[in-house]
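One file, model08.cif, is given below (mmCIF, C-alpha atoms).
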```
data_start
#
loop_
_atom_site.label_atom_id
_atom_site.label_comp_id
_atom_site.auth_asym_id
_atom_site.auth_seq_id
_atom_site.Cartn_x
_atom_site.Cartn_y
_atom_site.Cartn_z
CA MET A 1427 -2.42 10.82 9.59
CA ILE A 1428 0.87 8.96 9.56
CA VAL A 1429 1.99 8.26 6.00
CA ALA A 1430 4.11 5.23 5.15
CA TYR A 1431 5.24 3.20 2.16
CA ARG A 1432 6.07 -0.46 1.86
CA LYS A 1433 9.59 -1.85 1.74
CA HIS A 1434 10.91 -3.79 -1.28
CA ILE A 1435 9.80 -7.44 -1.33
CA GLN A 1436 13.40 -8.68 -1.60
CA ASP A 1437 14.37 -6.66 1.49
CA LEU A 1438 11.50 -8.22 3.41
CA LYS A 1439 12.40 -11.67 2.16
CA ARG A 1440 15.98 -11.20 3.34
CA ILE A 1441 15.10 -9.94 6.80
CA LEU A 1442 12.49 -12.67 7.37
CA ARG A 1443 14.68 -15.49 6.07
CA PRO A 1444 15.41 -17.21 9.44
CA HIS A 1445 11.70 -17.66 10.17
CA LYS A 1446 9.42 -20.41 8.89
CA ARG A 1447 6.00 -19.27 10.01
CA ILE A 1448 5.45 -15.58 9.45
CA LEU A 1449 2.45 -13.45 10.38
CA VAL A 1450 1.96 -10.43 8.15
CA LEU A 1451 0.08 -8.09 10.44
CA GLY A 1452 -1.77 -5.12 9.00
CA CYS A 1453 -3.04 -2.06 10.80
CA GLY A 1454 -6.52 -0.69 10.18
CA THR A 1455 -5.78 2.94 10.99
CA CYS A 1456 -3.42 5.45 9.30
CA VAL A 1457 -1.59 2.99 7.07
CA THR A 1458 -4.87 1.60 5.76
CA VAL A 1459 -5.91 5.11 4.75
CA CYS A 1460 -2.59 5.79 3.02
CA LEU A 1461 -2.85 2.38 1.28
CA ALA A 1462 0.38 1.00 2.70
CA GLY A 1463 -0.47 -1.47 5.44
CA GLY A 1464 -4.16 -2.33 5.43
CA GLU A 1465 -5.94 -5.58 4.73
CA ARG A 1466 -5.40 -5.35 0.97
CA GLU A 1467 -1.71 -4.55 1.27
CA VAL A 1468 -1.32 -7.46 3.69
CA ALA A 1469 -2.75 -9.73 0.98
CA LEU A 1470 -0.50 -8.33 -1.75
CA ILE A 1471 2.73 -8.32 0.24
CA SER A 1472 2.00 -11.83 1.55
CA SER A 1473 1.34 -13.10 -1.97
CA ALA A 1474 4.53 -11.51 -3.29
CA LEU A 1475 6.51 -13.01 -0.39
CA ARG A 1476 5.08 -16.47 -1.04
CA ILE A 1477 6.08 -16.18 -4.70
CA ALA A 1478 9.55 -14.91 -3.80
CA TYR A 1479 10.25 -17.74 -1.35
CA ARG A 1480 8.82 -20.44 -3.60
CA LEU A 1481 10.99 -19.28 -6.49
CA ASP A 1482 13.99 -19.94 -4.22
CA ASN A 1483 12.57 -23.33 -3.16
CA GLU A 1484 12.22 -22.09 0.39
CA GLU A 1485 9.21 -23.25 2.31
CA ARG A 1486 7.40 -20.63 4.34
CA GLN A 1487 3.98 -20.45 5.96
CA ILE A 1488 2.67 -16.92 5.65
CA GLU A 1489 -0.40 -15.97 7.68
CA GLU A 1490 -2.34 -12.78 7.12
CA LEU A 1491 -4.22 -10.70 9.63
CA THR A 1492 -5.19 -7.07 10.00
CA ILE A 1493 -6.19 -5.54 13.31
CA GLU A 1494 -7.91 -2.26 13.99
CA ARG A 1495 -4.84 -0.57 15.48
CA GLN A 1496 -1.33 -1.73 16.29
CA CYS A 1497 -0.35 1.18 18.52
CA GLU A 1498 -2.66 0.11 21.36
CA ASN A 1499 -2.36 -2.99 23.46
CA GLN A 1500 -6.08 -3.47 23.65
CA PHE A 1501 -6.27 -3.94 19.89
CA ILE A 1502 -3.08 -6.00 19.68
CA GLU A 1503 -4.86 -8.58 21.82
CA ASP A 1504 -7.06 -9.28 18.76
CA ALA A 1505 -4.05 -10.90 17.14
CA LEU A 1506 -2.89 -12.83 20.21
CA GLU A 1507 -3.70 -16.28 18.88
CA GLN A 1508 -2.02 -15.78 15.51
CA ILE A 1509 1.00 -14.03 16.99
CA MET A 1510 1.60 -16.85 19.46
CA ALA A 1511 1.40 -19.37 16.62
CA SER A 1512 3.99 -17.51 14.50
CA ASP A 1513 7.78 -17.55 14.51
CA ALA A 1514 7.97 -13.90 13.50
CA ILE A 1515 5.77 -10.94 12.74
CA LEU A 1516 6.02 -8.63 9.78
CA SER A 1517 4.23 -5.56 11.01
CA LEU A 1518 2.71 -3.32 8.34
CA ALA A 1519 2.20 -0.49 10.81
CA CYS A 1520 3.98 2.80 11.42
CA GLY A 1521 7.07 2.77 13.62
CA ALA A 1522 4.90 3.25 16.70
CA GLY A 1523 2.75 0.23 15.88
CA VAL A 1524 5.74 -2.02 15.18
CA GLN A 1525 7.28 -1.15 18.54
CA ALA A 1526 4.00 -1.52 20.39
CA VAL A 1527 3.62 -5.07 19.07
CA ALA A 1528 7.25 -5.86 19.89
CA GLU A 1529 6.88 -4.55 23.45
CA ARG A 1530 3.75 -6.62 23.97
CA PHE A 1531 5.54 -9.78 22.78
CA PRO A 1532 9.14 -9.52 23.97
CA GLU A 1533 9.92 -13.09 22.90
CA LYS A 1534 8.74 -12.65 19.29
CA PRO A 1535 10.88 -11.20 16.52
CA VAL A 1536 8.95 -8.29 14.98
CA TYR A 1537 10.05 -6.61 11.76
CA PRO A 1538 8.86 -3.45 10.05
CA GLY A 1539 7.27 -3.95 6.63
CA LEU A 1540 6.89 -0.25 5.96
CA ASP A 1541 9.00 2.87 5.99
CA THR A 1542 7.19 5.47 8.07
CA LYS A 1543 7.46 8.73 6.14
CA PHE A 1544 5.70 11.64 7.82
CA ILE A 1545 2.58 13.17 9.36
CA GLY A 1546 0.63 14.41 6.41
CA ILE A 1547 -2.54 14.46 4.38
CA LEU A 1548 -3.88 13.12 1.12
CA GLN A 1549 -3.53 16.10 -1.18
CA GLU A 1550 -5.08 14.44 -4.21
CA GLN A 1551 -5.62 10.85 -5.38
CA GLY A 1552 -2.31 9.06 -4.85
CA VAL A 1553 -0.45 12.10 -3.53
CA TRP A 1554 0.43 12.53 0.14
CA VAL A 1555 2.20 15.58 1.52
CA GLU A 1556 3.88 16.36 4.83
CA LYS A 1557 2.13 18.92 7.00
CA CYS A 1558 3.50 18.59 10.53
CA ILE A 1559 6.87 17.78 12.09
CA ALA A 1560 5.39 17.42 15.60
CA CYS A 1561 7.54 20.23 17.01
CA GLY A 1562 5.61 20.10 20.27
CA GLN A 1563 4.43 23.72 20.36
CA CYS A 1564 2.06 24.52 17.52
CA ILE A 1565 2.56 27.93 15.97
CA LEU A 1566 0.05 27.59 13.13
CA GLY A 1567 -2.12 30.32 14.63
CA GLU A 1568 0.60 32.88 14.06
CA TYR A 1569 1.25 31.88 10.47
CA GLY A 1570 -2.15 31.70 8.83
CA THR A 1571 -2.34 27.93 9.35
CA VAL A 1572 0.65 27.21 7.12
CA CYS A 1573 3.47 25.59 9.09
CA PRO A 1574 6.77 27.31 8.31
CA LEU A 1575 8.73 24.65 10.18
CA THR A 1576 7.34 21.84 8.04
CA ARG A 1577 6.57 23.43 4.73
CA CYS A 1578 9.39 25.96 4.34
CA SER A 1579 12.39 23.95 3.17
CA LYS A 1580 14.59 26.14 5.36
CA GLY A 1581 12.18 26.13 8.30
CA GLN A 1582 12.35 29.91 8.51
CA LEU A 1583 10.12 31.50 11.14
CA SER A 1584 10.90 35.16 10.63
CA GLY A 1585 10.13 35.67 6.96
CA PRO A 1586 10.84 34.41 3.46
CA CYS A 1587 14.39 33.72 2.32
CA GLY A 1588 13.80 35.65 -0.89
CA ALA A 1589 14.85 32.88 -3.24
CA SER A 1590 11.43 31.64 -4.31
CA ILE A 1591 10.45 31.90 -7.96
CA ASP A 1592 6.79 32.40 -8.89
CA GLY A 1593 5.72 31.11 -5.50
CA LYS A 1594 7.85 27.97 -5.76
CA CYS A 1595 10.74 27.01 -3.53
CA GLU A 1596 14.27 27.17 -4.89
CA VAL A 1597 14.93 23.71 -3.46
CA ALA A 1598 12.48 22.04 -5.90
CA PRO A 1599 9.92 23.48 -8.31
CA ASP A 1600 7.16 21.23 -6.97
CA ILE A 1601 7.47 22.67 -3.45
CA GLU A 1602 5.29 25.67 -2.86
CA CYS A 1603 6.97 28.55 -1.02
CA ALA A 1604 5.45 28.32 2.45
CA TRP A 1605 6.07 32.00 3.02
CA GLN A 1606 4.16 32.94 -0.10
CA LEU A 1607 1.25 30.85 1.23
CA ILE A 1608 1.55 32.39 4.71
CA TYR A 1609 1.51 35.90 3.27
CA GLU A 1610 -1.43 35.24 0.97
CA ARG A 1611 -3.50 33.56 3.64
CA LEU A 1612 -2.84 36.19 6.31
CA LYS A 1613 -3.63 38.91 3.76
CA ALA A 1614 -6.93 37.24 2.89
CA LEU A 1615 -7.74 36.97 6.59
CA GLY A 1616 -6.79 40.62 7.18
CA GLN A 1617 -4.15 39.53 9.70
CA LEU A 1618 -0.92 40.66 8.06
CA GLU A 1619 0.01 42.53 11.24
CA ARG A 1620 0.77 39.16 12.83
CA LEU A 1621 3.94 39.09 10.77
CA LEU A 1622 5.11 42.31 12.42
CA GLN A 1623 5.39 40.61 15.80
CA PRO A 1624 8.89 39.59 16.89
CA VAL A 1625 9.36 35.83 16.75
CA PRO A 1626 10.48 34.28 20.04
CA LEU A 1627 13.26 31.72 20.05
CA THR A 1628 12.01 28.22 19.41
CA ASP A 1629 12.31 25.84 22.33
CA TRP A 1630 13.56 22.80 20.48
CA SER A 1631 13.63 20.80 23.69
CA LYS A 1632 9.90 20.34 23.18
CA SER A 1633 10.52 18.68 19.82
CA HIS A 1634 12.32 15.40 19.28
CA GLU A 1635 15.58 17.30 19.67
CA GLY A 1636 14.93 17.14 23.40
CA GLY A 1637 14.91 13.33 23.34
CA PRO A 1638 11.99 10.93 23.25
CA ARG A 1639 8.87 12.67 24.46
CA LYS A 1640 6.29 11.55 26.94
CA LEU A 1641 2.90 13.02 27.72
CA ILE A 1642 1.49 12.27 31.12
CA ARG A 1643 -2.06 13.28 31.97
CA GLU A 1644 -2.82 12.59 35.58
CA ASP A 1645 -6.51 13.28 34.95
CA GLN A 1646 -6.58 10.19 32.74
CA ARG A 1647 -4.66 7.92 35.08
CA ILE A 1648 -7.47 6.47 37.13
CA GLY A 1649 -6.36 4.77 40.32
CA VAL A 1650 -2.74 5.89 39.89
CA ASP A 1651 -2.67 9.32 41.48
CA GLN A 1652 -4.84 12.36 42.20
CA GLY A 1653 -4.23 15.63 40.44
CA GLY A 1654 -4.86 17.78 37.43
CA GLU A 1655 -3.53 17.96 33.90
CA GLN A 1656 0.18 18.43 33.71
CA MET B 163 8.88 -29.92 -25.97
CA ASP B 164 5.43 -31.04 -24.85
CA TRP B 165 4.69 -28.09 -22.68
CA GLU B 166 1.93 -25.78 -23.83
CA PRO B 167 1.31 -22.55 -21.94
CA LYS B 168 -1.88 -22.00 -20.01
CA ILE B 169 -3.00 -18.43 -20.39
CA LEU B 170 -5.96 -16.95 -18.59
CA ALA B 171 -7.82 -14.09 -20.25
CA LEU B 172 -9.99 -12.05 -17.92
CA CYS B 173 -12.37 -10.45 -20.39
CA CYS B 174 -14.88 -7.69 -19.90
CA HIS B 175 -18.40 -8.75 -20.88
CA TYR B 176 -18.94 -5.61 -22.95
CA CYS B 177 -15.88 -5.75 -25.18
CA ALA B 178 -13.18 -8.44 -25.12
CA TYR B 179 -15.58 -11.27 -24.27
CA ALA B 180 -17.85 -10.23 -27.13
CA ALA B 181 -14.79 -9.85 -29.37
CA ALA B 182 -13.71 -13.41 -28.51
CA ASP B 183 -17.24 -14.58 -29.24
CA LEU B 184 -17.22 -12.76 -32.56
CA ALA B 185 -13.84 -14.26 -33.41
CA GLY B 186 -15.47 -17.66 -32.96
CA SER B 187 -18.47 -16.73 -35.09
CA LEU B 188 -16.17 -15.46 -37.81
CA ARG B 189 -14.12 -18.68 -37.65
CA ILE B 190 -10.97 -16.69 -36.88
CA GLN B 191 -8.27 -19.06 -35.66
CA TYR B 192 -6.47 -18.10 -32.50
CA SER B 193 -4.24 -19.83 -30.01
CA PRO B 194 -5.96 -22.65 -28.09
CA ASN B 195 -3.84 -21.84 -25.05
CA ILE B 196 -6.22 -19.09 -23.99
CA ARG B 197 -8.82 -19.75 -21.28
CA VAL B 198 -11.43 -17.01 -21.29
CA LEU B 199 -13.12 -15.93 -18.08
CA ARG B 200 -15.89 -13.39 -18.37
CA LEU B 201 -16.12 -10.45 -15.98
CA PRO B 202 -18.76 -7.74 -15.74
CA CYS B 203 -15.94 -5.20 -16.12
CA THR B 204 -12.15 -5.28 -15.82
CA GLY B 205 -12.65 -2.96 -12.85
CA LYS B 206 -13.70 -6.17 -11.07
CA VAL B 207 -10.10 -7.37 -11.15
CA ASP B 208 -8.37 -6.80 -7.84
CA THR B 209 -4.60 -6.84 -7.76
CA GLU B 210 -4.77 -9.81 -5.38
CA TYR B 211 -6.60 -11.91 -8.00
CA ILE B 212 -3.71 -11.39 -10.40
CA MET B 213 -1.16 -12.38 -7.78
CA TYR B 214 -3.16 -15.46 -6.77
CA ALA B 215 -3.44 -16.60 -10.40
CA PHE B 216 0.36 -16.63 -10.68
CA GLU B 217 0.70 -18.31 -7.29
CA GLU B 218 -1.60 -21.04 -8.62
CA GLY B 219 0.75 -21.54 -11.55
CA ILE B 220 -0.85 -19.79 -14.50
CA ASP B 221 1.76 -19.14 -17.21
CA GLY B 222 0.31 -15.92 -18.56
CA LEU B 223 -2.51 -13.55 -17.78
CA ILE B 224 -4.39 -11.24 -20.09
CA ILE B 225 -6.68 -8.54 -18.76
CA ALA B 226 -8.80 -7.30 -21.66
CA GLY B 227 -11.08 -4.34 -21.19
CA CYS B 228 -12.88 -1.71 -23.22
CA LEU B 229 -11.16 1.03 -25.14
CA GLU B 230 -10.15 3.91 -22.89
CA GLY B 231 -13.14 6.20 -22.58
CA GLY B 232 -15.49 3.37 -23.54
CA CYS B 233 -15.99 1.65 -20.16
CA HIS B 234 -19.63 0.93 -19.37
CA PHE B 235 -18.84 1.76 -15.76
CA GLN B 236 -16.98 4.97 -16.59
CA GLU B 237 -13.49 4.07 -15.45
CA GLY B 238 -13.31 0.37 -14.58
CA ASN B 239 -10.77 -0.27 -17.34
CA LEU B 240 -8.61 2.66 -16.19
CA ARG B 241 -8.59 1.27 -12.66
CA ALA B 242 -7.73 -2.17 -14.03
CA ARG B 243 -4.72 -0.77 -15.87
CA LYS B 244 -3.39 0.79 -12.67
CA ARG B 245 -3.87 -2.49 -10.83
CA VAL B 246 -2.08 -4.38 -13.58
CA GLU B 247 0.83 -1.93 -13.27
CA LEU B 248 0.88 -2.47 -9.50
CA ALA B 249 0.79 -6.25 -9.90
CA LYS B 250 3.65 -6.05 -12.40
CA ARG B 251 5.75 -4.20 -9.82
CA PHE B 252 4.97 -6.81 -7.15
CA LEU B 253 5.73 -9.69 -9.55
CA ALA B 254 9.02 -8.09 -10.61
CA GLU B 255 10.05 -7.54 -6.98
CA ALA B 256 9.15 -11.12 -6.12
CA GLY B 257 11.26 -12.37 -9.04
CA LEU B 258 8.62 -13.46 -11.56
CA GLU B 259 8.66 -11.98 -15.07
CA PRO B 260 6.10 -9.13 -15.20
CA GLU B 261 5.79 -9.70 -18.96
CA ARG B 262 3.59 -12.68 -18.17
CA LEU B 263 0.88 -10.18 -17.38
CA GLU B 264 -0.57 -7.67 -19.84
CA MET B 265 -3.53 -5.33 -20.10
CA PHE B 266 -5.24 -4.74 -23.45
CA ASN B 267 -8.03 -2.45 -24.59
CA LEU B 268 -10.33 -3.38 -27.43
CA SER B 269 -13.93 -3.04 -28.55
CA SER B 270 -16.50 -5.80 -29.06
CA ALA B 271 -16.06 -5.46 -32.83
CA GLN B 272 -12.32 -6.18 -32.76
CA ALA B 273 -12.39 -9.94 -33.21
CA ASN B 274 -9.15 -9.87 -35.19
CA THR B 275 -7.46 -7.84 -32.47
CA PHE B 276 -8.51 -10.42 -29.89
CA ALA B 277 -7.02 -13.20 -32.00
CA GLU B 278 -3.80 -11.20 -32.46
CA ILE B 279 -3.55 -10.59 -28.70
CA ALA B 280 -4.10 -14.29 -28.01
CA ASP B 281 -1.40 -15.33 -30.49
CA MET B 282 1.03 -12.64 -29.41
CA MET B 283 0.71 -13.52 -25.71
CA THR B 284 1.00 -17.24 -26.45
CA GLU B 285 4.20 -16.61 -28.37
CA ARG B 286 5.54 -14.39 -25.59
CA ILE B 287 4.80 -16.96 -22.88
CA LYS B 288 6.37 -19.72 -24.98
CA GLN B 289 9.54 -17.62 -25.08
CA LEU B 290 9.43 -17.10 -21.31
CA GLY B 291 8.74 -20.75 -20.55
CA PRO B 292 6.47 -22.26 -17.91
CA ASN B 293 5.61 -20.42 -14.72
CA PRO B 294 8.37 -21.69 -12.40
CA LEU B 295 5.89 -21.88 -9.53
CA ARG B 296 3.82 -24.53 -11.26
CA ASN B 297 5.89 -27.46 -10.09
CA LYS B 298 6.97 -26.10 -6.75
CA PRO B 299 5.30 -27.06 -3.49
CA ARG B 300 2.47 -24.74 -2.67
CA THR B 301 2.05 -22.83 0.54
CA PRO B 302 -1.63 -21.99 0.44
CA ALA B 303 -2.72 -18.47 1.24
CA SER B 304 -4.30 -18.18 4.65
CA GLY B 305 -6.52 -15.47 3.25
CA SER B 306 -6.32 -11.89 4.38
CA ARG B 307 -8.51 -11.43 7.41
CA TYR B 308 -9.63 -8.50 9.45
CA ALA B 309 -9.95 -8.89 13.19
CA ALA B 310 -13.04 -6.81 13.80
CA PRO B 311 -12.99 -4.87 17.06
CA SER B 312 -16.31 -6.49 18.00
CA ALA B 313 -14.52 -9.83 18.27
CA GLN B 314 -11.90 -8.27 20.48
CA SER B 315 -13.46 -8.71 23.88
CA SER B 316 -14.44 -12.34 23.36
CA LEU B 317 -11.00 -13.20 21.98
CA ALA B 318 -9.26 -11.41 24.83
CA GLU B 319 -11.41 -13.24 27.35
CA GLU B 320 -10.67 -16.60 25.81
CA ASN B 321 -6.97 -16.06 26.20
CA THR B 322 -6.86 -14.64 29.68
#
```
Rewritten as structure tokens:
Amino acid sequence: MIVAYRKHIQDLKRILRPHKRILVLGCGTCVTVCLAGGEREVALISSALRIAYRLDNEERQIEELTIERQCENQFIEDALEQIMASDAILSLACGAGVQAVAERFPEKPVYPGLDTKFIGILQEQGVWVEKCIACGQCILGEYGTVCPLTRCSKGQLSGPCGASIDGKCEVAPDIECAWQLIYERLKALGQLERLLQPVPLTDWSKSHEGGPRKLIREDQRIGVDQGGEQ
Amino acid sequence: MDWEPKILALCCHYCAYAAADLAGSLRIQYSPNIRVLRLPCTGKVDTEYIMYAFEEGIDGLIIAGCLEGGCHFQEGNLRARKRVELAKRFLAEAGLEPERLEMFNLSSAQANTFAEIADMMTERIKQLGPNPLRNKPRTPASGSRYAAPSAQSSLAEENT
């Protein structure tokens, strides 16, 4: 899932200052699961904003709504009425959701309420860790399902750097050495020979380095064109 | 100064509420500024409730639950403490003194402790002064709502 964390209330207050009627819009998908932008967080952030504005004697109407998903137009329609009635929207979605809402309502100011952090998982209660950098060409199969691009601090594909201590990265003691994990997992799977294969050059043009990416699947574009998967 | 603080004490039925009751039975004097509200467990306290209480103008808020390890629902009091910490962060960021809010742990036998907590918090709130939101115009909460996907089609149709 996409992991995010809320911005400071004073930062939100500052950015929303020109607007009188504000809709705090939550998203029921990833950011609800990572406890950053769901229905409950909408309530808390709205309450804190009301307190912050009232302390400054500034009158604001703050509406609260959470929709199932902000990154799809079909779900954004659920908030149509409230969005049209608002001067501005504070979107508690990931960066994709914020932009989707803004594109749907070009005349409405939309602001991000969260900092989108990474694609990751819940490792334990209250701890989220990054697992994928969306490089565009998954190599997990070659590395015992431990991503060296994401989880090795140096992003090394051809082997460990040699600076780990007791299985921990030299960058920080709470980072596990990805190459230690790769080695252990491949050994357990009896697939250590995978590491003997030469590593091809990475085509970074398939990652964000190649500019904003777009995936077009003609097989899903009904009534647009005939053809197969690109 | 005429002002007297209003302090809400959200008390767990199994400990702090019974302790307050016992304090009464024992004729222990404690601050009359405390308004006790009984809960089945402090785990019932959502962070939003705390925020709303301050929005409504309460001067101080006590959350009083069982001793750690003694919760009748295993970990309700531990959850409450985390929520109190979260609410304190939100209050501080919003600009309201987080000291107005405090979590306490006590058993049903600790009537004296309850009285001490009540007096200590009353004194603390008197130092801090009234909740500045009390006399400011209110902007009522719209209430956090979830637009269920089932409502989606009808809503979309209405607006097309």
Within 8 Å of chain B: residues of chain A, using all atoms listed in the file, as number ranges by chain: A: 1434-1436, 1465-1466, 1468-1471, 1473-1478, 1480-1481, 1483, 1485-1494, 1501, 1503-1506
Excluding same-chain residues fewer than 3 positions from region 279-286 of chain B, what lies within 8 Å of it counting only C-alpha atoms, as a CSV table (one decimal) with C-alpha atoms, in the frame of the given file?
```csv
chain,number,residue,atom,x,y,z
B,167,PRO,CA,1.3,-22.6,-21.9
B,169,ILE,CA,-3.0,-18.4,-20.4
B,192,TYR,CA,-6.5,-18.1,-32.5
B,193,SER,CA,-4.2,-19.8,-30.0
B,195,ASN,CA,-3.8,-21.8,-25.0
B,196,ILE,CA,-6.2,-19.1,-24.0
B,222,GLY,CA,0.3,-15.9,-18.6
B,224,ILE,CA,-4.4,-11.2,-20.1
B,262,ARG,CA,3.6,-12.7,-18.2
B,275,THR,CA,-7.5,-7.8,-32.5
B,276,PHE,CA,-8.5,-10.4,-29.9
B,289,GLN,CA,9.5,-17.6,-25.1
B,290,LEU,CA,9.4,-17.1,-21.3
```
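For the atom pair formed by CA of Val1572 (chain A) and CA of Gly1521 (chain A), the distance is 26.1 Å, given to one decimal.
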Expansion of the PyMOL selection byres ((chain B and resi 272) around 12) into residues, as a count of residues only: 30
All residues 12 Å or closer to Lys1580 (chain A), all atoms listed in the file, same chain fewer than 4 positions away omitted, as number ranges by chain: A: 1573-1576, 1584-1590, 1595-1597, 1601, 1603-1605
Tyr1609 (chain A) surroundings by all atoms listed in the file, 8 Å radius, close-in-sequence under 4 positions cut, as a ChimeraX atom specification: /A:1570,1605,1613,1618
Given the file above and the PyMOL selection byres ((chain A and resi 1546) around 7), which residues are selected, and can you give them as a PDB file with C-alpha atoms, keeping the file's coordinate frame?
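Wrote part26.pdb, looks like this:
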```pdb
ATOM      1  CA  MET A1427      -2.420  10.820   9.590  1.00  0.00           C
ATOM      2  CA  ILE A1428       0.870   8.960   9.560  1.00  0.00           C
ATOM      3  CA  VAL A1429       1.990   8.260   6.000  1.00  0.00           C
ATOM      4  CA  PHE A1544       5.700  11.640   7.820  1.00  0.00           C
ATOM      5  CA  ILE A1545       2.580  13.170   9.360  1.00  0.00           C
ATOM      6  CA  ILE A1547      -2.540  14.460   4.380  1.00  0.00           C
ATOM      7  CA  TRP A1554       0.430  12.530   0.140  1.00  0.00           C
ATOM      8  CA  VAL A1555       2.200  15.580   1.520  1.00  0.00           C
ATOM      9  CA  GLU A1556       3.880  16.360   4.830  1.00  0.00           C
ATOM     10  CA  LYS A1557       2.130  18.920   7.000  1.00  0.00           C
ATOM     11  CA  CYS A1558       3.500  18.590  10.530  1.00  0.00           C
TER      12      CYS A1558
END
```
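Counting from CA of Ala1514 (chain A), the distance to CA of Arg1447 (chain A) is 6.7 Å.
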Explicit residue set for the PyMOL selection byres ((chain B and resi 235) around 10), as a PyMOL selection string: chain B and resi 202-205+231-234+236-239
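For the atom pair formed by CA of Gly1454 (chain A) and CA of Arg1495 (chain A), the distance is 5.6 Å, given to one decimal.
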Selected residue, from B:His175, B:Lys168, B:Arg189, B:Lys244, that lies nearest to Ile287 (chain B) when counting all atoms listed in the file: B:Lys168
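For the set A:Pro1638, A:Gly1463, A:Gly1562, A:Gly1649, the residue with the smallest atom-to-atom gap to Cys1520 (chain A) is A:Gly1463, counting all atoms listed in the file.
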Residue with smallest distance to Glu1529 (chain A) - pool A:Leu1516, A:Ile1642, A:Cys1456, A:Cys1497, counting all atoms listed in the file: A:Cys1497
Filled-in N, CA and C atoms of region 287-302 of chain B, supplied as a short mmCIF file (atom, residue, chain, number, x, y, z; two decimals), in the coordinates of the input:
```
data_model
loop_
_atom_site.label_atom_id
_atom_site.label_comp_id
_atom_site.auth_asym_id
_atom_site.auth_seq_id
_atom_site.Cartn_x
_atom_site.Cartn_y
_atom_site.Cartn_z
N ILE B 287 4.68 -16.04 -24.02
CA ILE B 287 4.80 -16.96 -22.88
C ILE B 287 5.64 -18.18 -23.28
N LYS B 288 5.53 -18.59 -24.53
CA LYS B 288 6.37 -19.72 -24.98
C LYS B 288 7.85 -19.35 -24.87
N GLN B 289 8.16 -18.10 -25.21
CA GLN B 289 9.54 -17.62 -25.08
C GLN B 289 9.99 -17.64 -23.62
N LEU B 290 9.07 -17.21 -22.73
CA LEU B 290 9.43 -17.10 -21.31
C LEU B 290 9.50 -18.47 -20.64
N GLY B 291 8.76 -19.42 -21.16
CA GLY B 291 8.74 -20.75 -20.55
C GLY B 291 7.66 -20.86 -19.50
N PRO B 292 7.54 -22.05 -18.89
CA PRO B 292 6.47 -22.26 -17.91
C PRO B 292 6.65 -21.39 -16.66
N ASN B 293 5.55 -21.11 -16.01
CA ASN B 293 5.61 -20.42 -14.72
C ASN B 293 6.40 -21.31 -13.76
N PRO B 294 7.54 -20.81 -13.25
CA PRO B 294 8.37 -21.69 -12.40
C PRO B 294 7.67 -22.14 -11.12
N LEU B 295 6.58 -21.49 -10.76
CA LEU B 295 5.89 -21.88 -9.53
C LEU B 295 5.03 -23.12 -9.72
N ARG B 296 4.78 -23.47 -10.98
CA ARG B 296 3.82 -24.53 -11.26
C ARG B 296 4.19 -25.85 -10.59
N ASN B 297 5.48 -26.17 -10.62
CA ASN B 297 5.89 -27.46 -10.09
C ASN B 297 6.55 -27.38 -8.72
N LYS B 298 6.39 -26.24 -8.08
CA LYS B 298 6.97 -26.10 -6.75
C LYS B 298 5.89 -26.33 -5.70
N PRO B 299 6.31 -26.83 -4.52
CA PRO B 299 5.30 -27.06 -3.49
C PRO B 299 4.56 -25.78 -3.13
N ARG B 300 3.30 -25.92 -2.95
CA ARG B 300 2.47 -24.74 -2.67
C ARG B 300 2.37 -24.49 -1.19
N THR B 301 2.38 -23.22 -0.83
CA THR B 301 2.05 -22.83 0.54
C THR B 301 0.77 -22.02 0.42
N PRO B 302 -0.36 -22.66 0.71
CA PRO B 302 -1.63 -21.99 0.44
C PRO B 302 -1.78 -20.68 1.22
#
```
